[in-house]
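Shown next, in structure tokens, is the structure this report addresses.
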Amino acid sequence: MAEEGFKRKLIAILSADVEGYSRLMGEDEDSTIRTLTAYRELMSTLIQKHRGRVIDSPGDNLLAEFLSVVDSVRCAVEIQEELRIRNAELPEHRKMEFRIGINLGDVVEEGERIYGDGVNITARVEGLAAGGGICISGTVYDSIKNKLSLGYESLGEHTVKNIKDPVRVYRMRVGPDAAALGVSEEKKPAVKRWQWTVLAVVIVLILGAVAVWNFYFRLPAIEPASIEKMAYPLPDKPSIAVLPFDNMSGDPDQEYIADNISENIITALSAIPSMFVIARNSSFTYKGKPVKVQQVSEELGVRYVLEGSVLMSEERIRITAQLIDALTGGHVWSDRYDRDLNDLFNLLDEITLAIITELEVELTQGEQARIRTTDNFDAWRYLSKAGEYFLTVSKEGNAKSRELYKKALEIDPEFAGAVTMLAWTHYHDARFGFTKSGRESFIRAVKLANKSVAMNENQPLAHDLLAELSLIRKQYDRAVEEGRKSIALGPNRATGHNLFCHVLYRTGHFEEAVQMCEKSIRLQPHAPTFFFANMMAAYYWVGRYEDSLTVAKRVIDKGRKTGAKKYERWGYWTSARAKVKLGRESEAKEDFAKFLAIATGWTWEKDRKKTLYKPEIIEQEHKDMSILRIPGHPSSQ
């Protein structure tokens with residue numbers, strides 16, 4: 001496999017997190033954040049002192065690397081000693097104790113990030129440490145046992161998720177009780193020579209039984225999530241977040257395969273109305289981070305979390321997956337699959353069906369149909385790779401994705417999904433000005449979208465596009481019809497709901513537009529800005545002017561931070577019209593002036609001609625905003 005763009009290295013990895021972090025946050029968020037910030041600054045300083053480097057620090061986690069194993073261990077000991085002193089000054093219920101795990105392992109370095117088994121093992125070793133304690137892997141122990149006079153306690157071998165061989169783990173003695181040196185061992189009575197054979201047989205049998213139990217049945221304990229700490233109320237149906245599967249190949253060029261396996265499972269589950277499935281863009285915010293199931297559950301407001309890993313060779317693929325009930329911390333289901341690459345799609349169906357069965361979701365005959373539209377792995381590979389470029393929403397990315405979609409169709413001319421995405425590339429050309437002939441691109445998008453639906457009508461993305469294209473062509477009834485088809489086929493698709501919200505408020509279905517927008521953001525808590533741009537408009541049209549202003553401010557702020565002038569423009573327009581309705585005319589005029597400063601060349605007449613609104617809606621809007629007209633100003637035309 002190609003190894004361009006990344007390198008491997010052997011380093012000591014330190015991972016730390018706070019024991020009982022959710023409880024601390026639930027009791028006093030402000031104090032917890034202040035303490036965490038101060039402790040993290042101390043830890044960063046000590047890591048630098050010991051010639052280490054902080055890699056990442058999401059939530060209550062901290063990940064660091066060291067070139068020296070000795071430095072990493074000395075740093076961990078000093079961290080725990082300093083934190084113990086600071087904790088002594090805090091009330092018992094406010095003490096913040098970190099668990100630390102250290103491993104010496106091979107990692108893949110890409111930019112400022114590190115990946116691979118070395119990182120995964122470190123996180124699992126850390127999970128075995130107590131608050132205020134340190135656990136190290138066997139590789140670390142072997143490197144320091146004759147170099148540092150510290151106390152160690154062997155915890156034996158532990159099976160680590162996604163790692164083939166068990167990992168030796170040692171607990172370090174830190175704090176006031178760390179006087180004893182060496183590795184503690186239980187003294188055993190002398191055994192006569194003739195007993196060794198019998199004893200060896202017994203040990204082998206016991207170890208074999210324990211290994212089978214650990215490897216196949218016993219899974220690491222998980223701290224349960226709290227319903228009271230959920231960022232959103234739990235839905236009244238099975239709710240799930242599918243985390244991005246780990247790429248275990250060590251080749252970043254294979255990362256998109258693991259990502260798209262996760263996305264395929266999300267897509268399949270999203271087609272089931274009796275489930276609630278978090279959108280890909282939100283669950284993928286945890287990619288590459290050592291997050292806990294409890295954290296994912298509470299932040300996204302779901303009960304179940306699916307996680308797994310992918311290891312692929314030229315002809316075979318191995319997928320490990322486990323479904324966790326975050327409320328109990330228990331494993332609902334887990335399995336390991338080793339198949340030929342050509343059997344990948346049947347395997348994905350099996351995993352999806354296993355999840356559905358375990359959650360006791362009953363499917364109708366129609367819902368059992370496959371979402372995917374090809375059985376050719378190479379065609380699917382091109383489609384998957386193209387998605388990386390398409391999502392950049394750039395001229396270059398759009399052109400590259402189109403090239404890959406065409407290659408997918410060369411392999412499988414009946415691949416309707418590739419035809420749909422090819423249509424979307426032409427729409428983007430026309431929509432974002434990536435081509436000089438926008439009209440020609442628009443016509444191509446319409447033809448390809450209709451062709452795709454003719455090939456396979458069960459594609460939500462195709463109906464999304466047809467809804468947008470119909471709206472532009474002022475075919476309002478068809479736009480709504482296509483939007484409804486998309487929602488019926490993808491009842492858990494966040495983007496589909498938000499695009500339909502756009503169609504609905506443009507065509508006068510205001511109340512329903514609000515429902516669609518609110519559900520889209522519930523399905524995708526980490527929503528992109530255009531979700532909120534549609535929401536502020538929907539709120540305005542139902543008379544929720546204060547809510548519209550709140551969301552408009554968020555859109556404007558995001559536009560400023562990212563340099564996306566279109567969001568500033570839309571935000572000031574909506575803010576101005578909402579303030580007119582609230583009787584805040586002077587403020588409305590200020591916002592309208594800011595809008596005009598960004599929307600150069602805009603006039604009332606151009607807005608009337610180019611709008612996607614039904615004619616009667618835009619006329620009403622212009623009438624409501626007539627107070628903002630500036631006599632003699634170019635915009636007054």
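All residue names refer to the structure tokens as shown: chains lettered A, B, ... in order, residues numbered from 1 in each chain, ligands numbered from 1 in order.
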
Counting only C-alpha atoms, which residues in region 237-275 of chain A sit no more than 9 Å from region 306-312 of chain A? For each one, give the nearest pair of atoms and the distance in Å, sorted by chain then residue number, as a Markdown table.
| residue | atom | partner | partner_atom | distance |
| --- | --- | --- | --- | --- |
| A:Ile240 | CA | A:Leu306 | CA | 7.3 |
| A:Ala241 | CA | A:Leu306 | CA | 6.3 |
| A:Val242 | CA | A:Leu306 | CA | 4.8 |
| A:Leu243 | CA | A:Glu307 | CA | 5.3 |
| A:Pro244 | CA | A:Glu307 | CA | 7.0 |
| A:Phe245 | CA | A:Ser309 | CA | 4.7 |
| A:Asp246 | CA | A:Ser309 | CA | 4.3 |
| A:Asn247 | CA | A:Val310 | CA | 5.3 |
| A:Met248 | CA | A:Leu311 | CA | 5.0 |
| A:Ser249 | CA | A:Leu311 | CA | 5.2 |
| A:Gly250 | CA | A:Leu311 | CA | 8.9 |
| A:Gln254 | CA | A:Met312 | CA | 8.3 |
| A:Ile257 | CA | A:Val310 | CA | 8.3 |
| A:Ala258 | CA | A:Val310 | CA | 5.9 |
| A:Ile261 | CA | A:Val310 | CA | 8.6 |
| A:Ser262 | CA | A:Gly308 | CA | 8.7 |

Near region 396-412 of chain A, within 10 Å and counting only C-alpha atoms, which residues show up once chain neighbours fewer than 6 positions away are dropped, as a PyMOL selection string?
chain A and resi 373-390+418-426+428-429+434

Store the residues picked out above in a file with C-alpha atoms, as a short mmCIF file (atom, residue, chain, number, x, y, z; two decimals), in the first residue's frame.
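File selection21.cif, as written:
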data_model
loop_
_atom_site.label_atom_id
_atom_site.label_comp_id
_atom_site.auth_asym_id
_atom_site.auth_seq_id
_atom_site.Cartn_x
_atom_site.Cartn_y
_atom_site.Cartn_z
CA THR A 373 -27.34 0.44 -5.76
CA THR A 374 -24.22 -1.52 -6.74
CA ASP A 375 -22.62 -4.84 -5.87
CA ASN A 376 -19.30 -3.89 -7.42
CA PHE A 377 -16.67 -3.04 -4.83
CA ASP A 378 -14.47 -1.08 -7.23
CA ALA A 379 -17.39 1.10 -8.35
CA TRP A 380 -18.31 1.70 -4.71
CA ARG A 381 -14.67 2.54 -3.94
CA TYR A 382 -14.67 5.29 -6.59
CA LEU A 383 -17.98 6.66 -5.28
CA SER A 384 -16.59 6.69 -1.73
CA LYS A 385 -13.37 8.42 -2.73
CA ALA A 386 -15.29 11.01 -4.77
CA GLY A 387 -17.27 12.04 -1.70
CA GLU A 388 -14.14 13.47 -0.07
CA TYR A 389 -13.71 15.91 -2.95
CA PHE A 390 -17.41 16.66 -3.45
CA ALA A 418 -23.21 7.50 -9.07
CA VAL A 419 -25.60 9.06 -11.59
CA THR A 420 -27.26 10.99 -8.75
CA MET A 421 -23.96 12.36 -7.51
CA LEU A 422 -22.88 13.22 -11.05
CA ALA A 423 -26.08 15.30 -11.30
CA TRP A 424 -25.20 17.05 -8.04
CA THR A 425 -21.78 18.06 -9.42
CA HIS A 426 -23.44 19.80 -12.37
CA HIS A 428 -22.95 22.77 -7.92
CA ASP A 429 -21.29 24.08 -11.07
CA PHE A 434 -17.87 26.89 -11.07
#

When you look at His158 (chain A) with a cut-off of 8 Å (counting only C-alpha atoms), what residues show up, excluding the ones that are within fewer than 5 positions of it in the same chain? I need them as a PyMOL selection string.
chain A and resi 166-169+214

Taking the chain letters and numbering used in this document, name the residues of region 305-437 of chain A that DSSP puts in strand (DSSP E or B), as an mmCIF file with N, CA and C atoms, in the first residue's frame.
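The result, written out as part_4.cif:
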data_model
loop_
_atom_site.group_PDB
_atom_site.id
_atom_site.type_symbol
_atom_site.label_atom_id
_atom_site.label_comp_id
_atom_site.auth_asym_id
_atom_site.auth_seq_id
_atom_site.Cartn_x
_atom_site.Cartn_y
_atom_site.Cartn_z
ATOM 1 N N VAL A 305 -24.793 3.420 20.992
ATOM 2 C CA VAL A 305 -23.625 3.870 20.230
ATOM 3 C C VAL A 305 -22.993 2.645 19.570
ATOM 4 N N LEU A 306 -22.734 2.767 18.271
ATOM 5 C CA LEU A 306 -22.052 1.696 17.543
ATOM 6 C C LEU A 306 -20.636 2.148 17.226
ATOM 7 N N GLU A 307 -19.656 1.318 17.525
ATOM 8 C CA GLU A 307 -18.277 1.616 17.185
ATOM 9 C C GLU A 307 -17.633 0.358 16.620
ATOM 10 N N GLY A 308 -16.570 0.551 15.866
ATOM 11 C CA GLY A 308 -15.937 -0.616 15.269
ATOM 12 C C GLY A 308 -14.632 -0.263 14.605
ATOM 13 N N SER A 309 -14.075 -1.237 13.881
ATOM 14 C CA SER A 309 -12.801 -1.045 13.203
ATOM 15 C C SER A 309 -12.799 -1.823 11.902
ATOM 16 N N VAL A 310 -11.904 -1.413 11.007
ATOM 17 C CA VAL A 310 -11.794 -2.034 9.689
ATOM 18 C C VAL A 310 -10.324 -2.315 9.399
ATOM 19 N N LEU A 311 -10.031 -3.523 8.944
ATOM 20 C CA LEU A 311 -8.686 -3.894 8.508
ATOM 21 C C LEU A 311 -8.833 -4.548 7.145
ATOM 22 N N MET A 312 -8.154 -3.996 6.125
ATOM 23 C CA MET A 312 -8.347 -4.467 4.761
ATOM 24 C C MET A 312 -7.025 -4.817 4.107
ATOM 25 N N ARG A 316 -9.160 -9.208 1.139
ATOM 26 C CA ARG A 316 -10.043 -9.523 2.261
ATOM 27 C C ARG A 316 -10.240 -8.296 3.145
ATOM 28 N N ILE A 317 -11.301 -8.352 3.927
ATOM 29 C CA ILE A 317 -11.605 -7.261 4.840
ATOM 30 C C ILE A 317 -12.087 -7.850 6.159
ATOM 31 N N ARG A 318 -11.616 -7.260 7.245
ATOM 32 C CA ARG A 318 -12.043 -7.691 8.579
ATOM 33 C C ARG A 318 -12.720 -6.509 9.257
ATOM 34 N N ILE A 319 -13.938 -6.717 9.728
ATOM 35 C CA ILE A 319 -14.695 -5.674 10.418
ATOM 36 C C ILE A 319 -15.083 -6.178 11.808
ATOM 37 N N THR A 320 -14.782 -5.369 12.802
ATOM 38 C CA THR A 320 -15.212 -5.634 14.172
ATOM 39 C C THR A 320 -16.189 -4.542 14.570
ATOM 40 N N ALA A 321 -17.301 -4.923 15.161
ATOM 41 C CA ALA A 321 -18.314 -3.927 15.545
ATOM 42 C C ALA A 321 -18.930 -4.296 16.872
ATOM 43 N N GLN A 322 -19.299 -3.290 17.649
ATOM 44 C CA GLN A 322 -19.994 -3.533 18.903
ATOM 45 C C GLN A 322 -21.028 -2.434 19.143
ATOM 46 N N LEU A 323 -22.184 -2.842 19.602
ATOM 47 C CA LEU A 323 -23.292 -1.948 19.901
ATOM 48 C C LEU A 323 -23.417 -1.837 21.411
ATOM 49 N N ILE A 324 -23.415 -0.608 21.922
ATOM 50 C CA ILE A 324 -23.382 -0.379 23.371
ATOM 51 C C ILE A 324 -24.619 0.389 23.805
ATOM 52 N N ASP A 325 -25.230 -0.056 24.884
ATOM 53 C CA ASP A 325 -26.322 0.671 25.513
ATOM 54 C C ASP A 325 -25.702 1.640 26.508
ATOM 55 N N GLY A 330 -23.637 -1.360 29.148
ATOM 56 C CA GLY A 330 -23.493 -2.756 28.731
ATOM 57 C C GLY A 330 -23.409 -2.907 27.224
ATOM 58 N N HIS A 331 -22.814 -4.020 26.795
ATOM 59 C CA HIS A 331 -22.704 -4.332 25.372
ATOM 60 C C HIS A 331 -23.940 -5.113 24.938
ATOM 61 N N VAL A 332 -24.679 -4.546 24.002
ATOM 62 C CA VAL A 332 -25.878 -5.193 23.493
ATOM 63 C C VAL A 332 -25.504 -6.296 22.521
ATOM 64 N N TRP A 333 -24.490 -6.009 21.715
ATOM 65 C CA TRP A 333 -24.093 -6.960 20.673
ATOM 66 C C TRP A 333 -22.694 -6.621 20.206
ATOM 67 N N SER A 334 -21.912 -7.645 19.847
ATOM 68 C CA SER A 334 -20.604 -7.424 19.241
ATOM 69 C C SER A 334 -20.270 -8.633 18.383
ATOM 70 N N ASP A 335 -19.490 -8.382 17.337
ATOM 71 C CA ASP A 335 -19.123 -9.489 16.452
ATOM 72 C C ASP A 335 -17.888 -9.107 15.639
ATOM 73 N N ARG A 336 -17.247 -10.131 15.080
ATOM 74 C CA ARG A 336 -16.067 -9.948 14.252
ATOM 75 C C ARG A 336 -16.293 -10.702 12.946
ATOM 76 N N TYR A 337 -16.035 -10.038 11.825
ATOM 77 C CA TYR A 337 -16.273 -10.624 10.508
ATOM 78 C C TYR A 337 -14.978 -10.614 9.699
ATOM 79 N N ASP A 338 -14.728 -11.689 8.965
ATOM 80 C CA ASP A 338 -13.558 -11.778 8.095
ATOM 81 C C ASP A 338 -14.057 -12.310 6.753
ATOM 82 N N ARG A 339 -14.098 -11.447 5.733
ATOM 83 C CA ARG A 339 -14.722 -11.808 4.455
ATOM 84 C C ARG A 339 -13.868 -11.378 3.258
ATOM 85 N N ASP A 340 -14.250 -11.914 2.094
ATOM 86 C CA ASP A 340 -13.695 -11.424 0.840
ATOM 87 C C ASP A 340 -14.229 -10.019 0.586
#

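Here CA of Cys517 (chain A) and CA of Tyr539 (chain A) stand 9.4 Å from one another.
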
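Pairwise distance (CA of Lys485 (chain A), CA of Leu469 (chain A)) equals 14.6 Å.
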
Run DSSP on the backbone and tell me which residues of region 522-579 of chain A come out as alpha helix (DSSP H); list them as a ChimeraX atom specification.
/A:522-523,529-541,545-562,565-579

Could those selected residues go to a file with N, CA and C atoms, as a CSV table (one decimal), in the first residue's frame?
chain,number,residue,atom,x,y,z
A,522,ARG,N,-31.9,18.5,15.3
A,522,ARG,CA,-31.9,17.4,16.3
A,522,ARG,C,-31.2,16.2,15.8
A,523,LEU,N,-31.3,15.9,14.5
A,523,LEU,CA,-30.7,14.8,13.9
A,523,LEU,C,-29.2,15.1,13.7
A,529,THR,N,-23.7,25.8,9.0
A,529,THR,CA,-24.4,27.1,9.1
A,529,THR,C,-25.6,27.2,8.2
A,530,PHE,N,-25.6,26.5,7.1
A,530,PHE,CA,-26.8,26.7,6.2
A,530,PHE,C,-28.1,26.1,6.8
A,531,PHE,N,-27.9,25.1,7.8
A,531,PHE,CA,-29.1,24.7,8.5
A,531,PHE,C,-29.7,25.8,9.3
A,532,PHE,N,-28.9,26.6,9.9
A,532,PHE,CA,-29.4,27.7,10.7
A,532,PHE,C,-29.9,28.9,9.8
A,533,ALA,N,-29.3,29.0,8.7
A,533,ALA,CA,-29.8,30.0,7.7
A,533,ALA,C,-31.2,29.7,7.3
A,534,ASN,N,-31.5,28.5,7.1
A,534,ASN,CA,-32.9,28.1,6.7
A,534,ASN,C,-33.8,28.2,7.9
A,535,MET,N,-33.3,27.9,9.1
A,535,MET,CA,-34.1,28.0,10.3
A,535,MET,C,-34.5,29.4,10.6
A,536,MET,N,-33.6,30.4,10.5
A,536,MET,CA,-34.0,31.8,10.8
A,536,MET,C,-35.1,32.3,9.9
A,537,ALA,N,-35.1,31.8,8.6
A,537,ALA,CA,-36.1,32.2,7.7
A,537,ALA,C,-37.4,31.6,8.0
A,538,ALA,N,-37.4,30.3,8.4
A,538,ALA,CA,-38.6,29.6,8.7
A,538,ALA,C,-39.3,30.2,10.0
A,539,TYR,N,-38.5,30.5,11.0
A,539,TYR,CA,-39.0,31.2,12.2
A,539,TYR,C,-39.6,32.5,11.8
A,540,TYR,N,-39.0,33.3,10.9
A,540,TYR,CA,-39.6,34.6,10.5
A,540,TYR,C,-41.0,34.4,9.9
A,541,TRP,N,-41.1,33.4,9.1
A,541,TRP,CA,-42.4,33.3,8.3
A,541,TRP,C,-43.5,32.8,9.2
A,545,TYR,N,-40.4,36.1,15.6
A,545,TYR,CA,-39.4,37.1,15.2
A,545,TYR,C,-38.2,37.1,16.2
A,546,GLU,N,-38.4,37.0,17.5
A,546,GLU,CA,-37.3,37.0,18.4
A,546,GLU,C,-36.4,35.7,18.2
A,547,ASP,N,-37.0,34.6,17.9
A,547,ASP,CA,-36.3,33.4,17.6
A,547,ASP,C,-35.5,33.6,16.3
A,548,SER,N,-36.1,34.2,15.4
A,548,SER,CA,-35.4,34.4,14.1
A,548,SER,C,-34.2,35.3,14.3
A,549,LEU,N,-34.4,36.3,15.1
A,549,LEU,CA,-33.2,37.2,15.4
A,549,LEU,C,-32.1,36.5,16.1
A,550,THR,N,-32.4,35.6,17.0
A,550,THR,CA,-31.4,34.9,17.8
A,550,THR,C,-30.6,34.0,16.8
A,551,VAL,N,-31.3,33.3,15.9
A,551,VAL,CA,-30.6,32.5,15.0
A,551,VAL,C,-29.8,33.3,13.9
A,552,ALA,N,-30.4,34.4,13.5
A,552,ALA,CA,-29.7,35.3,12.6
A,552,ALA,C,-28.4,35.8,13.1
A,553,LYS,N,-28.4,36.1,14.4
A,553,LYS,CA,-27.1,36.6,15.0
A,553,LYS,C,-26.0,35.5,14.9
A,554,ARG,N,-26.5,34.2,15.1
A,554,ARG,CA,-25.5,33.1,15.1
A,554,ARG,C,-25.0,33.0,13.6
A,555,VAL,N,-25.9,33.1,12.7
A,555,VAL,CA,-25.5,33.0,11.3
A,555,VAL,C,-24.5,34.1,10.9
A,556,ILE,N,-24.8,35.4,11.3
A,556,ILE,CA,-23.9,36.5,11.0
A,556,ILE,C,-22.5,36.3,11.7
A,557,ASP,N,-22.5,35.8,12.9
A,557,ASP,CA,-21.2,35.6,13.6
A,557,ASP,C,-20.4,34.5,12.9
A,558,LYS,N,-21.1,33.5,12.5
A,558,LYS,CA,-20.4,32.4,11.8
A,558,LYS,C,-19.8,32.9,10.5
A,559,GLY,N,-20.6,33.7,9.8
A,559,GLY,CA,-20.1,34.3,8.5
A,559,GLY,C,-18.9,35.1,8.7
A,560,ARG,N,-18.9,35.9,9.8
A,560,ARG,CA,-17.7,36.8,10.1
A,560,ARG,C,-16.5,35.9,10.4
A,561,LYS,N,-16.7,34.9,11.2
A,561,LYS,CA,-15.5,34.1,11.6
A,561,LYS,C,-14.9,33.3,10.5
A,562,THR,N,-15.8,32.8,9.5
A,562,THR,CA,-15.3,32.0,8.4
A,562,THR,C,-15.0,32.8,7.2
A,565,LYS,N,-19.2,35.6,3.3
A,565,LYS,CA,-20.1,36.8,3.2
A,565,LYS,C,-21.5,36.4,3.0
A,566,LYS,N,-21.8,35.3,2.3
A,566,LYS,CA,-23.2,35.0,2.0
A,566,LYS,C,-24.0,34.8,3.3
A,567,TYR,N,-23.4,34.3,4.4
A,567,TYR,CA,-24.1,34.1,5.6
A,567,TYR,C,-24.3,35.4,6.3
A,568,GLU,N,-23.3,36.3,6.3
A,568,GLU,CA,-23.5,37.7,6.8
A,568,GLU,C,-24.7,38.3,6.1
A,569,ARG,N,-24.7,38.2,4.7
A,569,ARG,CA,-25.7,38.9,3.9
A,569,ARG,C,-27.1,38.3,4.3
A,570,TRP,N,-27.3,37.0,4.3
A,570,TRP,CA,-28.6,36.4,4.7
A,570,TRP,C,-29.0,36.8,6.1
A,571,GLY,N,-28.0,36.8,7.0
A,571,GLY,CA,-28.3,37.1,8.4
A,571,GLY,C,-28.8,38.5,8.6
A,572,TYR,N,-28.1,39.5,7.9
A,572,TYR,CA,-28.5,40.9,8.1
A,572,TYR,C,-29.9,41.1,7.4
A,573,TRP,N,-30.2,40.4,6.3
A,573,TRP,CA,-31.5,40.6,5.6
A,573,TRP,C,-32.6,40.1,6.6
A,574,THR,N,-32.4,38.9,7.1
A,574,THR,CA,-33.4,38.4,8.0
A,574,THR,C,-33.5,39.2,9.3
A,575,SER,N,-32.4,39.6,9.8
A,575,SER,CA,-32.4,40.5,11.0
A,575,SER,C,-33.2,41.7,10.8
A,576,ALA,N,-33.0,42.4,9.6
A,576,ALA,CA,-33.7,43.6,9.3
A,576,ALA,C,-35.2,43.4,9.2
A,577,ARG,N,-35.6,42.4,8.5
A,577,ARG,CA,-37.0,42.2,8.3
A,577,ARG,C,-37.7,41.8,9.6
A,578,ALA,N,-37.0,41.0,10.5
A,578,ALA,CA,-37.6,40.6,11.8
A,578,ALA,C,-37.8,41.9,12.7
A,579,LYS,N,-36.8,42.8,12.6
A,579,LYS,CA,-36.9,44.0,13.5
A,579,LYS,C,-37.9,44.9,13.0

Find the spatial neighbours of Arg280 (chain A), counting only C-alpha atoms, within a cut-off of 7 Å - ignore same-chain residues fewer than 2 positions away - and output them as a list in words.
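The neighbour list is Glu263, Ile266, Ile278, Ser282, Ser283 and Phe284 of chain A.
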
Shell of 10 Å around Val107 (chain A), only C-alpha atoms, local chain residues under 2 positions omitted, as a count of residues only
20

Could you pull the residues within 12 Å of Lys145 (chain A), counting only C-alpha atoms, minus those fewer than 3 positions along the same chain, as a PyMOL selection string?
chain A and resi 69-70+73+136-142+148-153+170+172+181-183

Nearest residue to Ala354 (chain A) from the set A:Leu269, A:Gln524, A:Arg484, A:Asp165 (distances using only C-alpha atoms)
A:Leu269

Find the residues around region 43-48 of chain A up to 12 Å (only C-alpha atoms counted), leave out those fewer than 3 positions away in its own chain, and share them as JSON, numbers by chain.
{"A": [13, 14, 15, 16, 17, 36, 37, 38, 39, 40, 51, 52, 53, 54, 55, 56, 57, 61, 62, 63, 64, 65, 66, 67, 68, 71, 72, 73, 74, 75, 76, 77, 78, 79, 80, 81, 82, 83, 98, 100]}

Go ahead and write the residues just picked, N, CA and C atoms, as a compact mmCIF listing (two decimals), in the first residue's frame.
# COMPACT_ATOMS: atom_id res chain seq x y z
N ILE A 13 3.46 7.18 24.44
CA ILE A 13 2.21 7.92 24.34
C ILE A 13 1.57 7.98 25.72
N LEU A 14 1.18 9.16 26.12
CA LEU A 14 0.53 9.38 27.42
C LEU A 14 -0.90 9.84 27.18
N SER A 15 -1.85 9.17 27.79
CA SER A 15 -3.26 9.55 27.68
C SER A 15 -3.82 9.75 29.08
N ALA A 16 -4.57 10.83 29.26
CA ALA A 16 -5.15 11.12 30.58
C ALA A 16 -6.57 11.62 30.44
N ASP A 17 -7.40 11.27 31.41
CA ASP A 17 -8.75 11.85 31.47
C ASP A 17 -9.20 11.92 32.92
N LEU A 36 -10.49 22.32 35.51
CA LEU A 36 -9.94 21.57 34.37
C LEU A 36 -8.94 22.42 33.60
N THR A 37 -9.28 23.68 33.36
CA THR A 37 -8.39 24.57 32.63
C THR A 37 -7.06 24.75 33.36
N ALA A 38 -7.14 24.96 34.67
CA ALA A 38 -5.92 25.15 35.47
C ALA A 38 -5.08 23.88 35.50
N TYR A 39 -5.73 22.74 35.70
CA TYR A 39 -5.00 21.47 35.76
C TYR A 39 -4.38 21.13 34.41
N ARG A 40 -5.11 21.43 33.34
CA ARG A 40 -4.59 21.13 32.01
C ARG A 40 -3.37 22.00 31.69
N ARG A 51 10.15 17.24 27.99
CA ARG A 51 10.43 17.10 26.56
C ARG A 51 9.35 16.34 25.81
N GLY A 52 8.13 16.53 26.24
CA GLY A 52 7.00 15.92 25.54
C GLY A 52 6.23 16.95 24.73
N ARG A 53 5.20 16.50 24.03
CA ARG A 53 4.37 17.39 23.21
C ARG A 53 2.91 16.99 23.33
N VAL A 54 2.03 17.96 23.64
CA VAL A 54 0.59 17.70 23.69
C VAL A 54 0.07 17.58 22.27
N ILE A 55 -0.60 16.46 21.97
CA ILE A 55 -1.14 16.21 20.63
C ILE A 55 -2.56 16.73 20.51
N ASP A 56 -3.38 16.45 21.52
CA ASP A 56 -4.81 16.82 21.46
C ASP A 56 -5.34 16.89 22.88
N SER A 57 -6.43 17.66 23.06
CA SER A 57 -7.03 17.76 24.39
C SER A 57 -8.53 18.00 24.29
N ASN A 61 -10.07 14.97 28.05
CA ASN A 61 -8.95 14.11 27.67
C ASN A 61 -7.70 14.92 27.34
N LEU A 62 -6.56 14.27 27.46
CA LEU A 62 -5.30 14.88 27.02
C LEU A 62 -4.43 13.76 26.46
N LEU A 63 -3.86 14.00 25.28
CA LEU A 63 -3.00 13.03 24.62
C LEU A 63 -1.66 13.69 24.34
N ALA A 64 -0.56 13.03 24.73
CA ALA A 64 0.77 13.61 24.54
C ALA A 64 1.74 12.53 24.07
N GLU A 65 2.83 12.96 23.44
CA GLU A 65 3.85 12.03 22.97
C GLU A 65 5.22 12.43 23.54
N PHE A 66 6.07 11.41 23.72
CA PHE A 66 7.43 11.60 24.23
C PHE A 66 8.37 10.74 23.40
N LEU A 67 9.56 11.26 23.14
CA LEU A 67 10.57 10.47 22.46
C LEU A 67 11.24 9.49 23.42
N SER A 68 11.15 9.80 24.72
CA SER A 68 11.77 8.95 25.74
C SER A 68 10.70 8.35 26.64
N ASP A 71 11.19 9.68 30.19
CA ASP A 71 10.61 11.01 30.35
C ASP A 71 9.11 10.96 30.55
N SER A 72 8.43 10.10 29.80
CA SER A 72 6.97 10.02 29.89
C SER A 72 6.52 9.55 31.27
N VAL A 73 7.24 8.56 31.82
CA VAL A 73 6.87 8.03 33.14
C VAL A 73 7.17 9.05 34.23
N ARG A 74 8.36 9.67 34.17
CA ARG A 74 8.69 10.70 35.16
C ARG A 74 7.67 11.84 35.11
N CYS A 75 7.25 12.20 33.91
CA CYS A 75 6.26 13.27 33.76
C CYS A 75 4.94 12.86 34.40
N ALA A 76 4.49 11.64 34.16
CA ALA A 76 3.22 11.17 34.72
C ALA A 76 3.26 11.18 36.24
N VAL A 77 4.37 10.73 36.80
CA VAL A 77 4.50 10.71 38.26
C VAL A 77 4.44 12.12 38.82
N GLU A 78 5.15 13.06 38.17
CA GLU A 78 5.15 14.44 38.66
C GLU A 78 3.77 15.08 38.51
N ILE A 79 3.08 14.75 37.42
CA ILE A 79 1.71 15.27 37.24
C ILE A 79 0.82 14.84 38.40
N GLN A 80 0.84 13.55 38.71
CA GLN A 80 -0.04 13.04 39.77
C GLN A 80 0.36 13.62 41.13
N GLU A 81 1.65 13.83 41.36
CA GLU A 81 2.07 14.42 42.65
C GLU A 81 1.59 15.86 42.76
N GLU A 82 1.74 16.64 41.69
CA GLU A 82 1.30 18.03 41.71
C GLU A 82 -0.22 18.14 41.83
N LEU A 83 -0.93 17.28 41.12
CA LEU A 83 -2.40 17.32 41.19
C LEU A 83 -2.89 16.88 42.56
N PHE A 98 -7.15 12.69 37.75
CA PHE A 98 -6.90 12.20 36.40
C PHE A 98 -6.42 10.75 36.44
N ILE A 100 -4.15 8.14 34.23
CA ILE A 100 -3.11 8.25 33.21
C ILE A 100 -2.70 6.86 32.74

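The interatomic distance for the pair CA of Pro460 (chain A) and CA of Gly490 (chain A) works out to 5.9 Å.
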